[in-house]
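Coordinates from structure12.txt are shown below (compact mmCIF, C-alpha atoms and all ligand atoms).
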```txt
# COMPACT_ATOMS: atom_id res chain seq x y z
CA MET A 20 -30.43 -16.24 32.16
CA LEU A 21 -26.90 -14.92 32.55
CA GLY A 22 -24.48 -17.86 32.49
CA ARG A 23 -20.84 -18.16 33.48
CA ASN A 24 -18.43 -16.45 31.09
CA THR A 25 -16.61 -18.84 28.79
CA GLY A 26 -14.48 -18.17 25.72
CA ASP A 27 -17.35 -19.16 23.46
CA SER A 28 -20.10 -17.35 25.38
CA ILE A 29 -18.24 -14.04 25.25
CA THR A 30 -17.78 -14.31 21.48
CA GLU A 31 -21.44 -15.17 21.03
CA ARG A 32 -22.60 -12.29 23.25
CA ALA A 33 -20.23 -9.80 21.57
CA VAL A 34 -21.41 -10.73 18.07
CA GLY A 35 -25.05 -10.58 19.22
CA ALA A 36 -24.51 -7.13 20.75
CA TYR A 37 -23.82 -5.72 17.26
CA SER A 38 -26.57 -7.58 15.43
CA GLN A 39 -28.85 -4.52 15.35
CA ILE A 40 -26.59 -2.55 13.00
CA ALA A 41 -29.01 -1.49 10.27
CA ASP A 42 -26.60 -1.53 7.32
CA PRO A 43 -26.29 -5.23 6.33
CA ARG A 44 -22.73 -4.89 4.99
CA LEU A 45 -21.50 -3.07 8.09
CA ARG A 46 -23.25 -5.69 10.27
CA GLU A 47 -21.51 -8.49 8.35
CA VAL A 48 -18.07 -6.86 8.60
CA VAL A 49 -18.38 -6.06 12.32
CA ALA A 50 -19.53 -9.61 13.12
CA ALA A 51 -16.63 -11.10 11.16
CA LEU A 52 -14.20 -8.69 12.79
CA ILE A 53 -15.29 -9.74 16.28
CA GLN A 54 -15.22 -13.44 15.38
CA HIS A 55 -11.74 -13.26 13.84
CA LEU A 56 -10.27 -11.15 16.64
CA HIS A 57 -11.69 -13.50 19.26
CA ALA A 58 -10.38 -16.50 17.30
CA LEU A 59 -6.91 -14.95 17.23
CA VAL A 60 -6.92 -14.40 21.01
CA LYS A 61 -8.03 -18.01 21.55
CA GLU A 62 -5.59 -19.49 19.06
CA VAL A 63 -2.48 -17.86 20.51
CA ARG A 64 -3.91 -17.63 24.08
CA LEU A 65 -2.97 -13.96 24.21
CA THR A 66 -1.58 -13.00 27.61
CA GLU A 67 -2.29 -9.81 29.57
CA PRO A 68 1.27 -8.44 29.08
CA GLU A 69 0.97 -9.13 25.34
CA TRP A 70 -2.34 -7.24 25.25
CA GLU A 71 -0.73 -4.34 27.15
CA PHE A 72 2.03 -4.31 24.55
CA ALA A 73 -0.57 -4.33 21.74
CA TRP A 74 -2.60 -1.36 23.01
CA ASP A 75 0.57 0.58 23.74
CA PHE A 76 1.75 -0.18 20.18
CA MET A 77 -1.55 1.24 18.88
CA ALA A 78 -1.12 4.35 21.06
CA ARG A 79 2.37 4.80 19.65
CA MET A 80 0.98 4.48 16.11
CA ALA A 81 -1.62 7.14 16.94
CA ALA A 82 1.08 9.44 18.34
CA VAL A 83 2.95 9.59 15.01
CA THR A 84 -0.22 9.76 12.89
CA GLY A 85 -1.38 13.12 11.57
CA PRO A 86 -2.41 14.86 8.36
CA GLU A 87 0.94 14.06 6.68
CA ARG A 88 1.44 10.53 7.94
CA ASN A 89 -0.74 7.53 8.79
CA GLU A 90 1.08 4.80 10.71
CA PHE A 91 -2.05 2.58 10.72
CA LEU A 92 -2.05 2.57 6.92
CA LEU A 93 1.68 1.81 6.92
CA LEU A 94 1.09 -1.14 9.28
CA ALA A 95 -1.60 -2.47 6.92
CA ASP A 96 0.87 -2.07 4.05
CA VAL A 97 3.77 -3.97 5.68
CA LEU A 98 1.39 -6.75 6.82
CA GLY A 99 0.25 -7.24 3.21
CA LEU A 100 -3.34 -6.17 3.93
CA SER A 101 -3.46 -3.16 1.59
CA GLN A 102 -2.16 -5.11 -1.39
CA LEU A 103 -4.43 -8.07 -0.55
CA ILE A 104 -7.44 -5.75 -0.80
CA GLU A 105 -6.32 -4.58 -4.26
CA VAL A 106 -5.86 -8.14 -5.50
CA ILE A 107 -9.23 -9.27 -4.14
CA ASP A 108 -11.10 -6.22 -5.44
CA HIS A 109 -9.54 -6.20 -8.91
CA ASP A 110 -9.12 -9.65 -10.32
CA ARG A 111 -7.86 -9.09 -13.89
CA PRO A 112 -6.58 -11.34 -16.67
CA ASP A 113 -2.84 -12.06 -16.74
CA SER A 114 -2.45 -9.93 -19.86
CA ALA A 115 -3.42 -6.72 -18.01
CA VAL A 116 -1.28 -4.66 -15.68
CA GLY A 117 -2.14 -5.26 -12.04
CA PHE A 118 -3.62 -3.06 -9.35
CA ALA A 119 -1.36 -1.69 -6.62
CA LEU A 120 -2.02 -0.09 -3.27
CA VAL A 121 -2.25 3.69 -3.59
CA GLY A 122 0.33 4.22 -0.83
CA PRO A 123 0.61 7.14 1.59
CA PHE A 124 2.17 9.66 -0.79
CA TYR A 125 -0.56 10.30 -3.36
CA ARG A 126 -1.70 13.94 -3.65
CA ALA A 127 -4.69 14.95 -5.73
CA ASN A 128 -4.66 17.94 -8.10
CA ALA A 129 -1.12 17.49 -9.41
CA PRO A 130 -0.36 19.99 -12.20
CA VAL A 131 -1.69 19.05 -15.63
CA ARG A 132 1.38 18.88 -17.86
CA ALA A 133 1.83 18.97 -21.63
CA ARG A 134 2.56 15.80 -23.59
CA GLY A 135 6.25 14.91 -23.24
CA GLU A 136 6.83 17.28 -20.29
CA SER A 137 9.03 16.24 -17.38
CA ILE A 138 7.62 15.80 -13.87
CA ALA A 139 11.14 16.42 -12.49
CA SER A 140 12.26 20.02 -11.96
CA PRO A 141 15.51 20.75 -13.85
CA ASP A 142 17.60 20.71 -10.64
CA THR A 143 16.31 17.26 -9.55
CA THR A 144 19.30 14.91 -9.54
CA GLY A 145 19.14 11.52 -11.24
CA ASP A 146 18.76 9.97 -14.68
CA ARG A 147 15.67 10.70 -16.75
CA VAL A 148 13.35 8.13 -18.29
CA ARG A 149 11.08 8.95 -21.23
CA ILE A 150 7.88 6.96 -20.86
CA THR A 151 5.59 6.28 -23.81
CA GLY A 152 2.64 3.98 -24.23
CA ARG A 153 -1.03 3.54 -24.90
CA VAL A 154 -4.19 3.45 -22.84
CA TYR A 155 -6.79 1.07 -24.24
CA ASP A 156 -9.99 -0.81 -23.48
CA LEU A 157 -9.23 -4.22 -21.94
CA THR A 158 -12.21 -5.83 -23.65
CA THR A 159 -12.10 -4.29 -27.15
CA SER A 160 -8.47 -3.01 -27.37
CA ALA A 161 -9.89 0.31 -28.63
CA PRO A 162 -7.83 3.37 -27.66
CA ILE A 163 -9.17 5.46 -24.81
CA ALA A 164 -8.79 8.99 -26.16
CA GLY A 165 -8.24 11.65 -23.51
CA ALA A 166 -7.60 9.20 -20.63
CA THR A 167 -6.01 10.89 -17.61
CA LEU A 168 -2.72 9.56 -16.22
CA SER A 169 -1.75 10.87 -12.80
CA THR A 170 1.79 9.95 -11.82
CA TRP A 171 4.07 10.46 -8.82
CA GLN A 172 7.42 9.18 -7.60
CA ALA A 173 10.15 9.67 -4.99
CA ALA A 174 13.38 11.56 -5.69
CA THR A 175 16.72 9.72 -5.73
CA ASN A 176 17.21 10.73 -2.06
CA GLY A 177 14.21 8.48 -1.32
CA LEU A 178 11.89 11.35 -0.43
CA TYR A 179 8.60 12.46 -1.96
CA GLU A 180 8.36 16.25 -2.38
CA ASN A 181 5.99 16.59 0.59
CA GLN A 182 8.69 15.03 2.83
CA ASP A 183 11.50 17.17 1.46
CA PRO A 184 11.63 20.97 1.86
CA ALA A 185 14.38 21.10 -0.80
CA GLN A 186 11.98 20.03 -3.58
CA PRO A 187 9.49 22.39 -5.25
CA ASP A 188 5.80 21.88 -4.47
CA TYR A 189 4.39 19.03 -6.63
CA ASN A 190 7.86 18.06 -7.91
CA LEU A 191 7.79 14.56 -9.43
CA ARG A 192 4.02 14.67 -9.73
CA GLY A 193 1.87 15.40 -12.75
CA GLN A 194 -1.25 14.64 -14.74
CA PHE A 195 -1.17 13.90 -18.46
CA HIS A 196 -3.82 13.22 -21.07
CA ALA A 197 -3.72 10.53 -23.74
CA ASP A 198 -4.23 11.76 -27.33
CA GLU A 199 -6.91 10.63 -29.81
CA ALA A 200 -5.03 7.36 -30.41
CA GLY A 201 -4.83 6.73 -26.65
CA THR A 202 -1.07 7.35 -26.60
CA TYR A 203 0.78 9.31 -23.96
CA GLU A 204 4.33 10.49 -23.37
CA LEU A 205 6.08 11.98 -20.37
CA VAL A 206 9.51 12.26 -18.77
CA ALA A 207 10.16 11.05 -15.22
CA LEU A 208 13.12 10.30 -13.03
CA MET A 209 14.66 6.86 -13.37
CA PRO A 210 13.20 5.42 -10.15
CA THR A 211 15.40 4.09 -7.35
CA PRO A 212 14.54 1.96 -4.29
CA TYR A 213 13.65 3.84 -1.08
CA PRO A 214 12.75 2.85 2.48
CA VAL A 215 9.31 3.35 4.05
CA PRO A 216 9.39 5.50 7.23
CA ILE A 217 10.96 3.44 10.04
CA ASP A 218 11.17 6.01 12.85
CA GLY A 219 7.81 4.85 14.30
CA PRO A 220 6.44 1.59 15.76
CA VAL A 221 6.15 0.00 12.30
CA GLY A 222 9.93 0.44 12.01
CA ASP A 223 10.29 -1.50 15.29
CA LEU A 224 8.18 -4.30 13.83
CA LEU A 225 10.34 -4.49 10.69
CA ARG A 226 13.49 -4.60 12.81
CA VAL A 227 12.31 -7.44 15.05
CA ALA A 228 11.22 -9.32 11.94
CA ARG A 229 14.62 -8.66 10.36
CA ARG A 230 12.87 -7.32 7.26
CA HIS A 231 14.50 -4.67 5.11
CA PRO A 232 12.36 -1.51 4.83
CA TYR A 233 12.75 -0.95 1.08
CA ARG A 234 10.30 -0.55 -1.74
CA PRO A 235 11.86 -1.60 -5.05
CA ALA A 236 12.20 1.22 -7.62
CA HIS A 237 8.77 2.15 -8.96
CA ILE A 238 6.62 4.92 -10.43
CA HIS A 239 2.97 5.32 -9.39
CA PHE A 240 0.15 5.74 -11.90
CA ILE A 241 -3.57 6.31 -11.61
CA VAL A 242 -5.19 5.96 -15.03
CA SER A 243 -8.80 7.02 -15.40
CA HIS A 244 -11.55 7.95 -17.83
CA PRO A 245 -15.33 8.29 -17.45
CA GLY A 246 -17.01 4.92 -18.07
CA TYR A 247 -13.95 2.91 -17.02
CA GLU A 248 -12.81 1.40 -13.72
CA THR A 249 -9.96 3.59 -12.43
CA LEU A 250 -6.64 1.74 -12.55
CA ILE A 251 -4.27 2.32 -9.63
CA THR A 252 -0.91 0.76 -10.33
CA GLN A 253 2.85 1.04 -10.01
CA VAL A 254 5.50 0.25 -12.62
CA PHE A 255 8.55 -1.59 -11.26
CA VAL A 256 11.95 -1.93 -12.91
CA GLU A 257 12.24 -5.41 -14.39
CA GLY A 258 15.36 -7.04 -12.87
CA GLY A 259 15.61 -4.22 -10.33
CA GLU A 260 17.03 -4.57 -6.84
CA MET A 261 14.65 -6.00 -4.22
CA VAL A 262 11.85 -6.41 -6.75
CA ASP A 263 11.26 -9.85 -5.19
CA SER A 264 11.07 -8.56 -1.61
CA ASP A 265 8.94 -5.38 -1.68
CA VAL A 266 8.35 -4.45 1.97
CA VAL A 267 4.65 -3.88 1.17
CA PHE A 268 4.20 -6.95 -1.10
CA THR A 269 3.06 -4.92 -4.12
CA SER A 270 5.60 -5.76 -6.83
CA GLY A 271 4.50 -8.58 -9.09
CA ALA A 272 5.04 -9.99 -12.56
CA ASN A 273 2.08 -7.99 -13.89
CA MET A 274 3.68 -4.65 -12.95
CA LEU A 275 7.18 -4.91 -14.42
CA GLY A 276 8.44 -2.43 -17.00
CA ARG A 277 11.47 -2.81 -19.25
CA PHE A 278 13.53 0.34 -18.70
CA GLU A 279 16.01 0.43 -21.57
CA ARG A 280 19.11 2.58 -21.98
CA ASP A 281 18.41 5.41 -24.43
CA GLY A 282 21.13 8.02 -25.03
CA ASP A 283 22.16 9.45 -21.68
CA GLY A 284 18.90 8.33 -20.05
CA TYR A 285 16.32 5.54 -20.29
CA HIS A 286 13.17 4.72 -22.22
CA LEU A 287 10.15 2.73 -21.05
CA HIS A 288 7.25 1.70 -23.25
CA TYR A 289 4.27 0.75 -21.09
CA ASP A 290 0.59 0.23 -21.91
CA PHE A 291 -2.36 0.53 -19.52
CA GLN A 292 -5.62 -1.39 -19.98
CA LEU A 293 -8.87 -0.09 -18.51
CA ARG A 294 -11.98 -2.18 -17.99
CA PRO A 295 -15.42 -0.66 -18.63
CA GLY A 296 -16.96 0.28 -15.29
CA VAL A 297 -17.39 3.06 -12.81
CA SER A 298 -14.70 5.73 -12.69
CA THR A 299 -13.77 6.47 -9.08
CA THR A 300 -11.27 8.77 -7.41
CA PRO A 301 -9.11 7.29 -4.67
CA ARG A 302 -8.96 9.18 -1.40
CA ALA A 303 -5.68 11.08 -1.22
CA PRO A 304 -3.84 10.35 2.06
CA LEU A 305 -2.03 13.71 1.75
CA PRO A 306 -3.51 17.19 1.57
C1 LIG B 1 4.77 4.17 -1.75
O1 LIG B 1 5.04 3.53 -2.69
O2 LIG B 1 4.72 5.36 -1.93
C2 LIG B 1 4.55 3.53 -0.42
C3 LIG B 1 3.63 2.51 -0.31
C4 LIG B 1 3.41 1.91 0.92
C5 LIG B 1 4.12 2.35 2.03
C6 LIG B 1 5.04 3.36 1.92
C7 LIG B 1 5.27 3.95 0.68
FE FE B 2 6.11 4.98 -3.87
```
Would you mind giving the structure from this file in structure tokens?
Ligand code: BEZ
Ligand code: FE
Amino acid sequence: MLGRNTGDSITERAVGAYSQIADPRLREVVAALIQHLHALVKEVRLTEPEWEFAWDFMARMAAVTGPERNEFLLLADVLGLSQLIEVIDHDRPDSAVGFALVGPFYRANAPVRARGESIASPDTTGDRVRITGRVYDLTTSAPIAGATLSTWQAATNGLYENQDPAQPDYNLRGQFHADEAGTYELVALMPTPYPVPIDGPVGDLLRVARRHPYRPAHIHFIVSHPGYETLITQVFVEGGEMVDSDVVFTSGANMLGRFERDGDGYHLHYDFQLRPGVSTTPRAPLP
């Protein structure tokens, strides 16, 4: 018999209404989503004007979302959700470099470059860093010959090439292969901090929270090889500005690189450890 609506009865009925989802994992996630959202509304006693603000905020996020930009992903990033998922999904020993969120600026199919080649076009301003290191098996320490390293970074003006018509296509992006001994070498731009996009509703959120919008200087890497879990990570500059207050909560002690002065540029030696497992390809947020 239909009873009077109460806070608890609505939650119970809503969860029950989705109990016929055939996929057990999807059923579990939807039930938990409803329970947690209802709990939030009850805990803070969300008001009607606050709910109107929330759905308008979502509409504003949708309005700035398109093939080149996803404001929903950015919101998840600045709330710490994206990095939380990486940490939960990839628990690794302290000795291994950590997993990082892939971020909104990854593009697949970057040009495959020769060992030692630069990902920066000659006219890209900024210091250069020569990066060398080894890719090896986390469990046996054996080199992973032929491992693929896909890397990308922002220019010193804070823009990735897809955001900046002045940069050549695929500037500051490249794929490299480790040699028989698992070693690799490439040249990149000495990374500098840059802000996440703040001209949308997520920018409003950062401003009301009085948070700065910067990501500390970093270079992205995806390291992969058949038979190994794909490592998605970022290398941050040890001692760099704002490394303790990354706007998306990614920087951590297991992702710091020592960038040392070397001639008129810098040198970084950095190793990547892969764990035996299934090699996957992350979905590229950009075309
Ligand atoms: C990035 O590092 O490319 C990034 C990550 C999260 C939000 C914005 C940018
Ligand atoms: Fe980045």
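Nearest residue to Gln102 (chain A), choosing from A:Ala50, A:Ala236, A:Val221, A:Ala119 and counting only C-alpha atoms: A:Ala119.
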> Hey, which residues come within 6 Å of ligand LIG 1 (chain B) if we count only C-alpha atoms and all ligand atoms? Could you give them as a VMD selection string?
Replying inline: chain A and resid 93 96 122 to 124 215 267
Near ligand FE 2 (chain B), 10 Å: chain A residue rows, closest pairs, all atoms listed in the file, as a Markdown table:
```
| residue | atom | partner | partner_atom | distance |
| --- | --- | --- | --- | --- |
| A:Leu120 | CA | B:FE2 | FE | 9.6 |
| A:Val121 | CA | B:FE2 | FE | 8.5 |
| A:Gly122 | CA | B:FE2 | FE | 6.6 |
| A:Pro123 | CA | B:FE2 | FE | 8.0 |
| A:Phe124 | CA | B:FE2 | FE | 6.8 |
| A:Tyr125 | CA | B:FE2 | FE | 8.5 |
| A:Trp171 | CA | B:FE2 | FE | 7.7 |
| A:Gln172 | CA | B:FE2 | FE | 5.8 |
| A:Ala173 | CA | B:FE2 | FE | 6.3 |
| A:Ala174 | CA | B:FE2 | FE | 10.0 |
| A:Gly177 | CA | B:FE2 | FE | 9.2 |
| A:Leu178 | CA | B:FE2 | FE | 9.3 |
| A:Tyr179 | CA | B:FE2 | FE | 8.1 |
| A:Pro210 | CA | B:FE2 | FE | 9.5 |
| A:Thr211 | CA | B:FE2 | FE | 10.0 |
| A:Pro212 | CA | B:FE2 | FE | 9.0 |
| A:Tyr213 | CA | B:FE2 | FE | 8.1 |
| A:Pro214 | CA | B:FE2 | FE | 9.4 |
| A:Val215 | CA | B:FE2 | FE | 8.7 |
| A:Arg234 | CA | B:FE2 | FE | 7.3 |
| A:Pro235 | CA | B:FE2 | FE | 8.8 |
| A:Ala236 | CA | B:FE2 | FE | 8.1 |
| A:His237 | CA | B:FE2 | FE | 6.4 |
| A:Ile238 | CA | B:FE2 | FE | 6.6 |
| A:His239 | CA | B:FE2 | FE | 6.4 |
| A:Gln253 | CA | B:FE2 | FE | 8.0 |
| A:Val254 | CA | B:FE2 | FE | 10.0 |
```
>> List as a list in words the protein and nucleic acid residues near Thr170 (chain A), meaning an atom at most 6 Å away when only C-alpha atoms are counted, but skip any in the same chain fewer than 5 places from it.
In response: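 What passes the distance filter is Arg192, Gly193, His239 and Phe240 of chain A.
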> What is the distance, in Å and to one decimal place, between CA of Asp290 (chain A) and CA of Ala166 (chain A)?
Replying inline: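 Atom-to-atom, CA of Asp290 (chain A) to CA of Ala166 (chain A), that is 12.2 Å.
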>> List the spatial neighbours of Met209 (chain A) as a ChimeraX atom specification - criterion: any atom at most 8 Å away, only C-alpha atoms, same-chain residues fewer than 5 positions off excluded.
In response: /A:145-148,285
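Note that the spacing between CA of Asn273 (chain A) and CA of Leu168 (chain A) amounts to 18.3 Å.
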> Distance CA of Arg126 (chain A)-CA of Leu100 (chain A), one decimal place?
Replying inline: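 Interatomic distance here is 21.6 Å.
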> Closest to Gln182 (chain A) among A:Leu305, A:Tyr37, A:Thr299, A:Leu103, using only C-alpha atoms?
Replying inline: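 The shortest atom-to-atom distance to Gln182 (chain A) comes from A:Leu305.
Minimum atom-to-atom distances from A:Ala200, A:Val83, A:Ile40, A:Leu157 to Asp113 (chain A) were compared using all atoms listed in the file, and the lowest value belongs to A:Leu157.
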> Which one of A:Leu208, A:Arg32, A:Tyr247, A:Val97 sits closest to Tyr233 (chain A) if you count all atoms listed in the file?
Replying inline: A:Val97
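Take the candidates A:Val262, A:Ala207, A:Glu180, A:Val63 and check each one against Glu87 (chain A) using all atoms listed in the file; the shortest distance goes to A:Glu180.
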> In terms of the shortest atom-to-atom distance over all atoms listed in the file, which of A:Ala115, A:Ala272, A:Ala33, A:Ala164 is closest to Gln292 (chain A)?
Replying inline: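 Residue with the minimum atom-to-atom distance to Gln292 (chain A): A:Ala115.
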